[in-house]
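Here is the file structure.txt (compact mmCIF, C-alpha atoms).
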```txt
# COMPACT_ATOMS: atom_id res chain seq x y z
CA MET B 239 -25.25 67.73 3.77
CA LYS B 240 -27.14 64.66 2.53
CA LEU B 241 -30.87 64.94 1.78
CA ALA B 242 -33.70 62.60 0.83
CA ILE B 243 -37.31 63.50 0.04
CA MET B 244 -40.28 61.14 0.07
CA GLN B 245 -44.02 61.12 0.50
CA PRO B 246 -45.19 59.41 3.69
CA TYR B 247 -46.22 55.77 3.78
CA PHE B 248 -47.90 53.75 6.50
CA LEU B 249 -45.29 51.51 8.15
CA PRO B 250 -43.29 51.04 4.92
CA TYR B 251 -40.70 48.40 4.04
CA ILE B 252 -37.14 48.54 5.34
CA GLY B 253 -35.74 50.39 2.33
CA TYR B 254 -37.63 53.52 3.40
CA TYR B 255 -35.84 53.48 6.76
CA GLN B 256 -32.50 52.82 5.07
CA LEU B 257 -33.08 55.98 3.04
CA ILE B 258 -33.77 57.91 6.23
CA SER B 259 -30.65 56.49 7.87
CA ALA B 260 -28.47 57.38 4.87
CA VAL B 261 -29.11 61.15 5.07
CA ASP B 262 -28.76 64.07 7.46
CA LEU B 263 -32.19 65.53 6.64
CA PHE B 264 -35.33 63.74 5.45
CA ILE B 265 -38.08 65.91 3.95
CA VAL B 266 -41.57 64.40 3.98
CA TYR B 267 -43.98 65.61 1.31
CA ASP B 268 -47.31 66.82 2.66
CA ASN B 269 -48.30 69.10 -0.24
CA VAL B 270 -48.36 66.50 -3.02
CA LYS B 271 -51.40 64.71 -4.38
CA TYR B 272 -52.69 61.65 -2.56
CA VAL B 273 -52.19 58.60 -4.80
CA LYS B 274 -55.17 56.26 -4.76
CA LYS B 275 -54.32 52.56 -4.46
CA GLY B 276 -50.68 53.40 -3.76
CA TRP B 277 -48.81 52.71 -0.54
CA ILE B 278 -49.56 55.92 1.33
CA ASN B 279 -52.19 54.43 3.63
CA ARG B 280 -51.63 50.69 3.24
CA ASN B 281 -48.94 48.02 3.27
CA ARG B 282 -48.41 44.26 3.36
CA MET B 283 -48.15 41.80 6.22
CA LEU B 284 -47.67 38.05 6.51
CA VAL B 285 -50.79 35.89 6.90
CA ASN B 286 -50.46 32.10 6.76
CA GLY B 287 -47.25 32.27 4.76
CA LYS B 288 -48.56 34.74 2.18
CA ASP B 289 -48.65 38.51 1.84
CA ALA B 290 -51.89 40.29 2.75
CA LEU B 291 -52.85 43.96 2.78
CA PHE B 292 -53.63 46.11 5.80
CA SER B 293 -54.81 49.69 5.41
CA LEU B 294 -56.03 52.91 6.97
CA PRO B 295 -59.59 53.68 5.82
CA LEU B 296 -60.04 57.22 4.52
CA LYS B 297 -62.93 59.64 4.51
CA LYS B 298 -64.45 59.82 1.02
CA ASP B 299 -63.15 62.90 -0.72
CA SER B 300 -61.75 64.24 -3.98
CA ASP B 301 -58.84 62.30 -5.46
CA ALA B 302 -57.32 65.66 -6.40
CA LEU B 303 -56.57 66.59 -2.79
CA ASP B 304 -53.07 66.71 -1.36
CA ILE B 305 -52.07 64.23 1.34
CA ARG B 306 -52.35 66.93 4.01
CA ASP B 307 -55.99 67.54 3.04
CA ARG B 308 -57.15 63.95 3.42
CA GLU B 309 -58.62 62.51 6.63
CA LEU B 310 -59.06 59.10 8.17
CA ALA B 311 -62.56 57.66 8.05
CA ALA B 312 -64.70 58.54 11.05
CA ASP B 313 -65.45 54.83 11.55
CA PHE B 314 -61.78 53.76 11.48
CA ASP B 315 -61.77 50.68 13.74
CA ARG B 316 -58.39 50.81 15.46
CA ALA B 317 -59.04 47.62 17.41
CA LYS B 318 -59.72 45.72 14.18
CA LEU B 319 -56.35 46.72 12.70
CA LEU B 320 -54.52 45.77 15.89
CA ASN B 321 -56.36 42.44 15.93
CA GLN B 322 -55.18 41.75 12.38
CA TRP B 323 -51.56 42.08 13.48
CA GLN B 324 -52.15 40.18 16.69
CA GLY B 325 -53.76 37.28 14.85
CA ALA B 326 -50.93 37.11 12.32
CA TYR B 327 -47.96 37.58 14.65
CA ARG B 328 -48.89 36.68 18.24
CA THR B 329 -46.42 33.74 18.20
CA ALA B 330 -43.62 35.67 16.44
CA PRO B 331 -40.39 35.90 18.49
CA PHE B 332 -40.51 39.70 18.96
CA PHE B 333 -44.27 40.20 19.21
CA LYS B 334 -44.15 41.39 22.84
CA GLN B 335 -41.48 43.98 22.03
CA THR B 336 -43.28 45.25 18.91
CA PHE B 337 -46.99 45.23 19.69
CA PRO B 338 -46.89 48.11 22.26
CA LEU B 339 -45.35 50.32 19.55
CA LEU B 340 -48.16 49.41 17.16
CA GLU B 341 -50.77 50.11 19.82
CA GLU B 342 -49.33 53.57 20.37
CA ILE B 343 -49.09 54.31 16.64
CA VAL B 344 -52.63 53.15 15.87
CA GLY B 345 -53.99 54.90 18.94
CA PHE B 346 -52.88 58.35 17.73
CA GLN B 347 -56.10 60.35 17.61
CA ASP B 348 -55.44 63.03 14.98
CA PRO B 349 -57.74 62.31 12.00
CA ASN B 350 -55.54 64.19 9.51
CA LEU B 351 -53.87 61.63 7.22
CA PHE B 352 -50.53 63.39 6.91
CA ARG B 353 -50.15 64.05 10.63
CA TYR B 354 -51.16 60.47 11.40
CA LEU B 355 -48.56 59.08 8.98
CA PHE B 356 -45.87 61.51 10.10
CA ASN B 357 -46.42 60.53 13.72
CA SER B 358 -46.17 56.82 12.86
CA LEU B 359 -42.94 57.49 10.96
CA GLN B 360 -41.37 59.43 13.81
CA MET B 361 -42.37 56.83 16.40
CA THR B 362 -41.01 53.95 14.33
CA CYS B 363 -37.73 55.77 13.73
CA GLU B 364 -37.41 56.46 17.45
CA HIS B 365 -38.05 52.75 18.17
CA LEU B 366 -35.33 51.82 15.67
CA GLY B 367 -32.88 54.37 17.08
CA LEU B 368 -32.67 56.52 13.93
CA LYS B 369 -31.50 60.08 14.63
CA THR B 370 -32.07 61.74 11.23
CA SER B 371 -33.76 65.17 11.29
CA PHE B 372 -37.15 65.64 9.61
CA LYS B 373 -38.82 68.54 7.83
CA ILE B 374 -42.24 68.87 6.24
CA SER B 375 -42.09 69.97 2.60
CA SER B 376 -44.65 72.80 2.82
CA GLU B 377 -42.56 74.46 5.55
CA VAL B 378 -39.51 74.86 3.28
CA PRO B 379 -39.52 78.31 1.61
CA ILE B 380 -39.57 77.48 -2.10
CA ASP B 381 -41.99 77.96 -5.00
CA HIS B 382 -44.35 75.07 -4.28
CA SER B 383 -45.96 75.31 -7.71
CA LEU B 384 -42.83 73.64 -9.09
CA LYS B 385 -43.24 70.03 -10.17
CA PHE B 386 -41.20 66.82 -10.05
CA GLN B 387 -37.43 67.33 -10.52
CA ASP B 388 -37.67 71.13 -10.39
CA ARG B 389 -39.30 70.92 -6.97
CA VAL B 390 -36.68 68.46 -5.72
CA LEU B 391 -33.87 70.73 -6.93
CA ALA B 392 -35.47 73.74 -5.25
CA LEU B 393 -35.74 71.85 -1.96
CA CYS B 394 -32.13 70.71 -2.26
CA GLU B 395 -30.91 74.26 -2.83
CA ALA B 396 -33.07 75.66 -0.03
CA GLU B 397 -31.42 73.23 2.40
CA GLY B 398 -27.85 73.64 1.14
CA THR B 399 -27.63 70.05 -0.05
CA GLN B 400 -24.39 68.59 -1.38
CA LYS B 401 -25.73 65.06 -1.94
CA TYR B 402 -29.27 64.03 -2.84
CA ILE B 403 -30.25 60.39 -2.34
CA ASN B 404 -33.40 59.02 -3.94
CA ALA B 405 -35.21 55.72 -3.60
CA ILE B 406 -34.13 53.26 -6.30
CA GLY B 407 -37.60 53.22 -7.86
CA GLY B 408 -37.15 56.81 -8.99
CA LEU B 409 -33.65 56.40 -10.42
CA GLU B 410 -34.68 57.00 -14.03
CA LEU B 411 -37.07 59.85 -13.20
CA TYR B 412 -34.24 62.29 -12.61
CA ASP B 413 -31.34 63.68 -14.62
CA ALA B 414 -28.15 63.44 -12.58
CA ASN B 415 -26.58 66.12 -14.79
CA ALA B 416 -29.22 68.61 -13.67
CA PHE B 417 -28.15 68.00 -10.07
CA SER B 418 -24.41 68.15 -10.78
CA ALA B 419 -24.91 71.44 -12.64
CA ARG B 420 -26.01 72.88 -9.31
CA GLY B 421 -23.20 71.30 -7.34
CA ILE B 422 -25.31 68.41 -6.03
CA GLU B 423 -24.26 64.77 -6.23
CA PHE B 424 -27.12 62.42 -7.18
CA ARG B 425 -27.37 58.83 -5.95
CA ALA B 426 -30.11 56.23 -5.55
CA LEU B 427 -30.40 53.75 -2.69
CA ARG B 428 -30.79 50.10 -3.61
CA ALA B 429 -31.56 47.78 -0.70
CA ARG B 430 -29.82 44.41 -0.70
CA PRO B 431 -31.90 41.26 -0.10
CA PHE B 432 -32.46 40.45 3.56
CA PRO B 433 -34.05 37.01 3.99
CA TYR B 434 -35.05 36.15 7.56
CA GLN B 435 -37.05 33.45 9.29
CA GLN B 436 -40.84 33.77 9.09
CA PHE B 437 -42.31 30.86 11.08
CA GLY B 438 -39.99 28.47 9.21
CA GLN B 439 -41.76 28.98 5.87
CA PRO B 440 -40.38 30.28 2.55
CA HIS B 441 -39.43 33.93 2.96
CA VAL B 442 -41.88 36.56 1.67
CA PRO B 443 -39.82 39.72 0.92
CA TYR B 444 -40.61 43.45 0.92
CA LEU B 445 -43.27 43.40 3.61
CA SER B 446 -44.02 46.24 6.02
CA ILE B 447 -41.53 47.09 8.76
CA VAL B 448 -44.13 45.48 11.05
CA ASP B 449 -43.11 42.07 9.74
CA LEU B 450 -39.40 42.73 10.19
CA LEU B 451 -39.92 43.97 13.75
CA MET B 452 -41.87 40.83 14.61
CA PHE B 453 -39.09 38.49 13.50
CA ASN B 454 -35.89 40.47 14.21
CA SER B 455 -34.40 42.31 17.15
CA VAL B 456 -34.12 46.08 16.98
CA SER B 457 -30.32 45.76 17.17
CA LYS B 458 -30.27 43.40 14.17
CA LEU B 459 -32.52 45.71 12.17
CA GLY B 460 -30.26 48.61 13.10
CA GLU B 461 -27.37 46.82 11.41
CA ILE B 462 -29.40 46.04 8.30
CA ILE B 463 -30.74 49.58 8.04
CA ALA B 464 -27.27 51.10 8.41
CA GLU B 465 -25.32 48.77 6.12
CA ASN B 466 -27.41 46.52 3.87
CA TYR B 467 -27.76 48.77 0.82
CA ASP B 468 -25.80 50.30 -2.05
CA LEU B 469 -25.78 53.87 -3.36
CA VAL B 470 -25.79 53.71 -7.15
CA GLN B 471 -25.43 56.17 -10.01
CA GLN B 472 -27.60 56.36 -13.10
CA ASN B 473 -26.75 53.85 -15.83
CA VAL B 474 -24.94 51.57 -13.38
```
Once you've parsed the file, please lay out its structure as structure tokens.
Amino acid sequence: MKLAIMQPYFLPYIGYYQLISAVDLFIVYDNVKYVKKGWINRNRMLVNGKDALFSLPLKKDSDALDIRDRELAADFDRAKLLNQWQGAYRTAPFFKQTFPLLEEIVGFQDPNLFRYLFNSLQMTCEHLGLKTSFKISSEVPIDHSLKFQDRVLALCEAEGTQKYINAIGGLELYDANAFSARGIEFRALRARPFPYQQFGQPHVPYLSIVDLLMFNSVSKLGEIIAENYDLVQQNV
């Protein structure tokens, strides 16, 4: 059984969906600290040939809270966010196929940040045809006071994992020997470059999945998600 574990992000880049596609079970962290100015509630889109941020506004609260304890701002203007995307992409080739999905995602009414992000993740995966199973980290019976690698190992063992796949950015954060000692193979997923047309201008890489959906068919993205990556070992 292949497992990956990540915190939720708002409409993340394609590598996140490749990680989901590469495993049998994807655990989403809800009981980890919210990271301010990270990518949990924001991402990048294309505006006039350059990258620009879009974000979910949050209710002011302690930075020490877990993701599941944060809420969207009461004055979150859903129409404003949709208008940002519409203004940037209304002439993109797959705007009509993509915008209804975004309307449904943004229109989700639960103010809880984790549930809002989890819903957007599930809806996007359904749109892309990904069949991977999901679990929420706090629902897995382990000692949740464990930190970092120890928590990951506990989750792997609780789910009977034979192969753990991590995002490439965390490759050096883990000790592959600690996994192999427990009968678990460790790999990291490295996405290959995927340049595509963006209004005929120089390609801006690593934008939100929103950008990829606007310029590529779902079938094309399905191919890229399933095949356009490598699973690497440490020190490779």
Counting only C-alpha atoms, which residues have an atom no more than 10 Å from (-41.5, 63.9, -16.3) in the file's coordinates? Please list them as a PyMOL selection string. chain B and resi 385-387+410-412
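A straight line drawn from atom CA of Phe337 of chain B to atom CA of Arg428 of chain B is 28.8 Å long.
Atom CA of Ser446 of chain B lies 12.9 Å from atom CA of Lys288 of chain B.
Each of B:Ile463, B:Ile258, B:Ala326, B:Ala317 was checked against Ala290 of chain B using all atoms listed in the file; the smallest atom-to-atom distance is that of B:Ala326.
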If we count only C-alpha atoms and set the cut-off at 8 Å, which residues sit around segment 268-283 of chain B, ignoring sequence neighbours fewer than 3 positions away in its own chain? Please answer as JSON, numbers by chain. {"B": [245, 246, 247, 248, 249, 250, 289, 290, 291, 292, 293, 294, 295, 301, 302, 303, 304, 305, 306, 308, 352, 355, 374, 375, 376, 445, 446, 448, 449]}
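Excluding Val470 of chain B itself and any same-chain residue fewer than 2 positions from it, the protein and nucleic acid residues within 9 Å of it, counting only C-alpha atoms, are Ile406, Leu409, Phe424, Arg425, Ala426, Leu427, Arg428, Asp468, Gln472, Asn473 and Val474 of chain B.
The shortest atom-to-atom distance to Glu341 of chain B, with all atoms listed in the file taken into account, belongs to B:Leu320 out of B:Leu257, B:Leu359, B:Ala392, B:Leu320.
Of the listed residues B:Leu241, B:Lys458, B:Ile447, B:Asn321, the one whose atoms come nearest to Ala396 of chain B is B:Leu241, with distances taken using all atoms listed in the file.
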Residues near Ala416 of chain B, anyone? I mean within 12 Å using all atoms listed in the file, not counting same-chain ones fewer than 2 positions away, as an MDAnalysis selection string. chainID B and resid 387:388 390:392 394 402 411:414 418:424
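Note that atom CA of Gly345 of chain B and atom CA of Glu377 of chain B are 26.3 Å apart.
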I'd like the contact shell of Gly367 of chain B - 8 Å cut-off, all atoms listed in the file, skipping same-chain residues fewer than 3 positions apart - returned as a VMD selection string. chain B and resid 363 to 364 460
Rank nothing, just name the residue among B:Gly408, B:Pro443, B:Gly438, B:Gly398 nearest to Gln471 of chain B, using all atoms listed in the file. B:Gly408
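Shortest separation to Tyr251 of chain B among B:Phe333, B:Phe417, B:Phe432, B:Phe372 occurs at residue B:Phe432, atoms counted being only C-alpha atoms.
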